[in-house]
>>> print(open('work-v5.cif').read())   # mmCIF, C-alpha atoms
data_start
#
loop_
_atom_site.label_atom_id
_atom_site.label_comp_id
_atom_site.auth_asym_id
_atom_site.auth_seq_id
_atom_site.Cartn_x
_atom_site.Cartn_y
_atom_site.Cartn_z
CA MET A 29 43.79 -132.33 40.47
CA ALA A 30 42.29 -128.97 41.37
CA VAL A 31 39.35 -127.53 39.55
CA LEU A 32 39.60 -123.85 38.72
CA SER A 33 36.62 -121.77 39.56
CA GLY A 34 35.61 -118.68 37.63
CA LYS A 35 37.25 -116.43 40.20
CA ASN A 36 40.52 -118.36 40.15
CA THR A 37 40.53 -118.50 36.34
CA LYS A 38 40.26 -114.71 36.10
CA ARG A 39 43.05 -114.28 38.63
CA LEU A 40 45.30 -116.74 36.77
CA PHE A 41 44.51 -115.08 33.44
CA ARG A 42 45.46 -111.65 34.82
CA LYS A 43 48.64 -113.03 36.27
CA VAL A 44 49.74 -114.71 33.01
CA THR A 45 48.82 -111.79 30.74
CA GLY A 46 50.40 -109.31 33.14
CA PHE A 47 53.61 -111.33 33.08
CA ILE A 48 53.64 -111.51 29.26
CA PHE A 49 52.88 -107.80 28.95
CA ALA A 50 55.58 -106.83 31.47
CA ARG A 51 58.12 -109.19 29.93
CA TYR A 52 57.71 -107.95 26.37
CA PHE A 53 56.79 -104.33 27.13
CA PHE A 54 60.29 -102.93 26.62
CA ALA A 55 60.83 -105.10 23.55
CA LYS A 56 57.67 -103.63 22.01
CA ILE A 57 58.80 -100.10 22.88
CA PHE A 58 62.23 -100.77 21.36
CA ILE A 59 60.76 -102.23 18.14
CA GLY A 60 58.41 -99.24 17.82
CA PHE A 61 61.28 -96.81 18.37
CA VAL A 62 63.47 -98.54 15.75
CA ALA A 63 60.61 -98.67 13.22
CA GLY A 64 59.78 -95.00 13.82
CA THR A 65 63.42 -94.00 13.41
CA ILE A 66 63.72 -95.90 10.12
CA ILE A 67 60.56 -94.28 8.77
CA LEU A 68 61.71 -90.83 9.93
CA PHE A 69 65.06 -91.14 8.15
CA ALA A 70 63.36 -92.55 5.04
CA PHE A 71 61.23 -89.41 4.81
CA LEU A 72 64.07 -87.03 5.70
CA TYR A 73 66.22 -88.39 2.87
CA ASN A 74 63.35 -88.52 0.33
CA THR A 75 63.57 -92.27 -0.03
CA PHE A 76 59.98 -92.50 -1.24
CA GLU A 77 60.10 -89.51 -3.61
CA LYS A 78 61.06 -91.44 -6.76
CA PHE A 79 58.44 -94.09 -5.96
CA GLU A 80 55.86 -91.32 -5.50
CA LEU A 81 56.71 -89.69 -8.84
CA VAL A 82 56.59 -92.99 -10.75
CA THR A 83 53.30 -94.02 -9.19
CA LEU A 84 51.87 -90.53 -9.68
CA ASP A 85 52.28 -90.91 -13.45
CA GLN A 86 50.57 -94.30 -13.30
CA ARG A 87 47.72 -92.94 -11.18
CA PHE A 88 47.07 -90.14 -13.67
CA ARG A 89 47.01 -92.67 -16.52
CA LEU A 90 44.52 -94.87 -14.66
CA ARG A 91 42.28 -91.98 -13.67
CA PRO A 92 39.26 -91.51 -15.93
CA ALA A 93 39.40 -88.45 -18.18
CA ARG A 94 37.70 -85.39 -16.77
CA PRO A 95 35.48 -83.24 -18.96
CA VAL A 96 37.06 -80.00 -20.10
CA ASP A 97 35.40 -76.80 -18.90
CA GLU A 98 34.69 -74.67 -21.96
CA ASN A 99 34.81 -71.48 -19.86
CA ILE A 100 38.51 -71.87 -19.10
CA VAL A 101 41.01 -70.67 -21.68
CA LEU A 102 44.73 -71.21 -21.29
CA ILE A 103 47.05 -68.77 -23.02
CA GLU A 104 50.45 -70.39 -23.15
CA MET A 105 53.73 -68.62 -23.73
CA ALA A 106 55.73 -71.56 -25.05
CA ASP A 107 59.06 -71.76 -26.81
CA ASP A 108 57.48 -71.22 -30.24
CA SER A 109 55.87 -67.99 -28.98
CA ILE A 110 59.20 -66.76 -27.67
CA ALA A 111 60.88 -67.73 -30.96
CA ALA A 112 58.25 -65.84 -32.98
CA ILE A 113 58.20 -62.69 -30.84
CA GLY A 114 61.81 -62.61 -29.80
CA ARG A 115 63.36 -62.07 -26.45
CA TRP A 116 62.18 -63.02 -23.00
CA PRO A 117 60.98 -61.41 -20.80
CA TRP A 118 58.43 -59.64 -22.93
CA PRO A 119 57.80 -55.96 -22.27
CA ARG A 120 55.13 -55.33 -19.67
CA GLU A 121 53.29 -53.29 -22.26
CA TRP A 122 52.57 -56.52 -24.19
CA HIS A 123 51.05 -58.08 -21.10
CA ALA A 124 48.97 -54.92 -20.62
CA THR A 125 47.74 -55.20 -24.21
CA LEU A 126 46.81 -58.83 -23.60
CA LEU A 127 44.81 -57.77 -20.52
CA SER A 128 42.95 -55.17 -22.58
CA ILE A 129 42.08 -57.76 -25.24
CA LEU A 130 40.90 -60.23 -22.60
CA LYS A 131 38.72 -57.53 -20.99
CA ILE A 132 37.12 -56.74 -24.37
CA HIS A 133 36.32 -60.44 -24.85
CA GLY A 134 34.74 -60.70 -21.39
CA ALA A 135 37.31 -62.57 -19.35
CA ARG A 136 35.96 -62.94 -15.84
CA LEU A 137 39.28 -63.85 -14.25
CA VAL A 138 42.92 -63.60 -15.35
CA ILE A 139 45.68 -65.42 -13.50
CA PHE A 140 49.28 -64.77 -14.45
CA ASP A 141 51.79 -67.53 -13.85
CA ILE A 142 54.70 -65.16 -14.37
CA ILE A 143 56.75 -63.49 -11.68
CA PHE A 144 57.63 -60.04 -12.94
CA ASP A 145 60.98 -59.75 -11.18
CA GLU A 146 63.12 -58.40 -14.02
CA GLU A 147 63.85 -54.69 -14.32
CA SER A 148 61.59 -53.03 -16.87
CA GLY A 149 61.51 -49.35 -16.07
CA ALA A 150 58.94 -47.25 -14.27
CA SER A 151 56.91 -46.49 -17.41
CA GLN A 152 56.49 -50.19 -18.28
CA ASP A 153 55.48 -50.98 -14.70
CA ALA A 154 52.96 -48.11 -14.75
CA ILE A 155 51.39 -49.36 -18.01
CA LEU A 156 50.92 -52.86 -16.61
CA ARG A 157 49.66 -51.57 -13.27
CA GLU A 158 47.02 -49.42 -14.99
CA ALA A 159 45.90 -52.35 -17.17
CA ILE A 160 45.58 -54.56 -14.09
CA GLN A 161 43.52 -51.89 -12.31
CA ARG A 162 41.27 -51.39 -15.35
CA SER A 163 40.63 -55.13 -15.63
CA GLY A 164 39.92 -55.52 -11.93
CA ASN A 165 40.10 -59.30 -12.15
CA VAL A 166 43.83 -60.04 -12.38
CA TYR A 167 45.77 -62.18 -9.93
CA LEU A 168 49.55 -62.20 -9.83
CA PRO A 169 51.82 -64.72 -8.11
CA PHE A 170 54.47 -63.80 -5.62
CA ALA A 171 57.52 -65.59 -4.31
CA PHE A 172 58.92 -65.65 -0.82
CA GLN A 173 62.64 -65.43 -0.30
CA PHE A 174 63.75 -66.48 3.14
CA ASN A 175 67.12 -65.33 4.40
CA ARG A 176 68.80 -68.05 6.36
CA GLY A 177 71.40 -67.15 8.87
#
>>> encode(input="work-v5.cif", output="structure tokens")
Amino acid sequence: MAVLSGKNTKRLFRKVTGFIFARYFFAKIFIGFVAGTIILFAFLYNTFEKFELVTLDQRFRLRPARPVDENIVLIEMADDSIAAIGRWPWPREWHATLLSILKIHGARLVIFDIIFDEESGASQDAILREAIQRSGNVYLPFAFQFNRG
């Protein structure tokens, strides 16, 4: 029976591990490729989207309540507002009046979450533009439209 010295043990260890690595190297590559492909297709076809939405609701319920900032005021144009005033979209003049009222009451920042893309006439656009310039603190959204083809 031969006794292995430290030098021979290291050589034997390298030989065995090299053999195992070489033997299973392509199997590991193949398994990684298959797993990556499955994950890629799962994300491409929004497999996890429903799970994300359901768990998002749960995460918001579990999150501790945040204190409300008294300096932020939300003016909502809900269905009852539209029912009381009438048609939608409202004339730009009404939005200009709202901006004037907010300026009088010291609003430091006004952010519209309305895209003004309906036709309203040059005079209505001018009234709103002047009110926005007078306020000096109004931010409007914009939407990109990409043409494919």
>>> residues_around(input="work-v5.cif", residues="stretch 150-167 of chain A", least_positions_apart="6", cutoff="7 Å", atoms="all atoms listed in the file", output="ChimeraX atom specification")
/A:120-121,123-124,127-128,131,136-140
>>> write_last_selection(input="work-v5.cif", atoms="C-alpha atoms", output="PDB file, in the coordinates of the input")
ATOM      1  CA  ARG A 120      55.130 -55.330 -19.670  1.00  0.00           C
ATOM      2  CA  GLU A 121      53.290 -53.290 -22.260  1.00  0.00           C
ATOM      3  CA  HIS A 123      51.050 -58.080 -21.100  1.00  0.00           C
ATOM      4  CA  ALA A 124      48.970 -54.920 -20.620  1.00  0.00           C
ATOM      5  CA  LEU A 127      44.810 -57.770 -20.520  1.00  0.00           C
ATOM      6  CA  SER A 128      42.950 -55.170 -22.580  1.00  0.00           C
ATOM      7  CA  LYS A 131      38.720 -57.530 -20.990  1.00  0.00           C
ATOM      8  CA  ARG A 136      35.960 -62.940 -15.840  1.00  0.00           C
ATOM      9  CA  LEU A 137      39.280 -63.850 -14.250  1.00  0.00           C
ATOM     10  CA  VAL A 138      42.920 -63.600 -15.350  1.00  0.00           C
ATOM     11  CA  ILE A 139      45.680 -65.420 -13.500  1.00  0.00           C
ATOM     12  CA  PHE A 140      49.280 -64.770 -14.450  1.00  0.00           C
TER      13      PHE A 140
END
>>> atom_distance(input="work-v5.cif", atom1="atom CA of A:Phe88", atom2="atom CA of A:Asp108")
27.2 Å
>>> atom_distance(input="work-v5.cif", atom1="atom CA of A:Gln173", atom2="atom CA of A:Asp145")
12.4 Å
>>> atom_distance(input="work-v5.cif", atom1="atom CA of A:Asp141", atom2="atom CA of A:Trp118")
13.7 Å
>>> closest_residue(input="work-v5.cif", among="A:Leu72, A:Leu102, A:Ile142, A:Phe41", to="A:Pro117", atoms="all atoms listed in the file")
A:Ile142
>>> build_atoms(input="work-v5.cif", residues="stretch 131-147 of chain A", atoms="N, CA and C atoms", output="PDB file, in the coordinates of the input")
ATOM      1  N   LYS A 131      39.845 -58.283 -21.559  1.00  0.00           N
ATOM      2  CA  LYS A 131      38.720 -57.530 -20.990  1.00  0.00           C
ATOM      3  C   LYS A 131      37.648 -57.304 -22.054  1.00  0.00           C
ATOM      4  N   ILE A 132      38.075 -56.957 -23.270  1.00  0.00           N
ATOM      5  CA  ILE A 132      37.120 -56.740 -24.370  1.00  0.00           C
ATOM      6  C   ILE A 132      36.324 -58.010 -24.643  1.00  0.00           C
ATOM      7  N   HIS A 133      36.980 -59.162 -24.552  1.00  0.00           N
ATOM      8  CA  HIS A 133      36.320 -60.440 -24.850  1.00  0.00           C
ATOM      9  C   HIS A 133      35.604 -61.036 -23.637  1.00  0.00           C
ATOM     10  N   GLY A 134      35.556 -60.302 -22.528  1.00  0.00           N
ATOM     11  CA  GLY A 134      34.740 -60.700 -21.390  1.00  0.00           C
ATOM     12  C   GLY A 134      35.363 -61.684 -20.423  1.00  0.00           C
ATOM     13  N   ALA A 135      36.668 -61.677 -20.320  1.00  0.00           N
ATOM     14  CA  ALA A 135      37.310 -62.570 -19.350  1.00  0.00           C
ATOM     15  C   ALA A 135      36.870 -62.203 -17.946  1.00  0.00           C
ATOM     16  N   ARG A 136      36.422 -63.196 -17.200  1.00  0.00           N
ATOM     17  CA  ARG A 136      35.960 -62.940 -15.840  1.00  0.00           C
ATOM     18  C   ARG A 136      37.093 -62.998 -14.826  1.00  0.00           C
ATOM     19  N   LEU A 137      38.164 -63.685 -15.167  1.00  0.00           N
ATOM     20  CA  LEU A 137      39.280 -63.850 -14.250  1.00  0.00           C
ATOM     21  C   LEU A 137      40.544 -64.091 -15.068  1.00  0.00           C
ATOM     22  N   VAL A 138      41.624 -63.422 -14.688  1.00  0.00           N
ATOM     23  CA  VAL A 138      42.920 -63.600 -15.350  1.00  0.00           C
ATOM     24  C   VAL A 138      43.947 -63.910 -14.273  1.00  0.00           C
ATOM     25  N   ILE A 139      44.637 -65.016 -14.453  1.00  0.00           N
ATOM     26  CA  ILE A 139      45.680 -65.420 -13.500  1.00  0.00           C
ATOM     27  C   ILE A 139      46.991 -65.510 -14.258  1.00  0.00           C
ATOM     28  N   PHE A 140      47.948 -64.711 -13.856  1.00  0.00           N
ATOM     29  CA  PHE A 140      49.280 -64.770 -14.450  1.00  0.00           C
ATOM     30  C   PHE A 140      50.117 -65.802 -13.702  1.00  0.00           C
ATOM     31  N   ASP A 141      50.840 -66.597 -14.449  1.00  0.00           N
ATOM     32  CA  ASP A 141      51.790 -67.530 -13.850  1.00  0.00           C
ATOM     33  C   ASP A 141      53.203 -67.073 -14.205  1.00  0.00           C
ATOM     34  N   ILE A 142      53.410 -65.784 -14.069  1.00  0.00           N
ATOM     35  CA  ILE A 142      54.700 -65.160 -14.370  1.00  0.00           C
ATOM     36  C   ILE A 142      55.059 -64.276 -13.184  1.00  0.00           C
ATOM     37  N   ILE A 143      56.268 -64.392 -12.728  1.00  0.00           N
ATOM     38  CA  ILE A 143      56.750 -63.490 -11.680  1.00  0.00           C
ATOM     39  C   ILE A 143      57.522 -62.386 -12.379  1.00  0.00           C
ATOM     40  N   PHE A 144      57.006 -61.187 -12.280  1.00  0.00           N
ATOM     41  CA  PHE A 144      57.630 -60.040 -12.940  1.00  0.00           C
ATOM     42  C   PHE A 144      58.747 -59.505 -12.048  1.00  0.00           C
ATOM     43  N   ASP A 145      59.882 -60.172 -12.063  1.00  0.00           N
ATOM     44  CA  ASP A 145      60.980 -59.750 -11.180  1.00  0.00           C
ATOM     45  C   ASP A 145      62.144 -59.126 -11.935  1.00  0.00           C
ATOM     46  N   GLU A 146      62.050 -59.041 -13.260  1.00  0.00           N
ATOM     47  CA  GLU A 146      63.120 -58.400 -14.020  1.00  0.00           C
ATOM     48  C   GLU A 146      62.876 -56.886 -14.071  1.00  0.00           C
ATOM     49  N   GLU A 147      63.949 -56.142 -14.174  1.00  0.00           N
ATOM     50  CA  GLU A 147      63.850 -54.690 -14.320  1.00  0.00           C
ATOM     51  C   GLU A 147      63.184 -54.369 -15.653  1.00  0.00           C
TER      52      GLU A 147
END
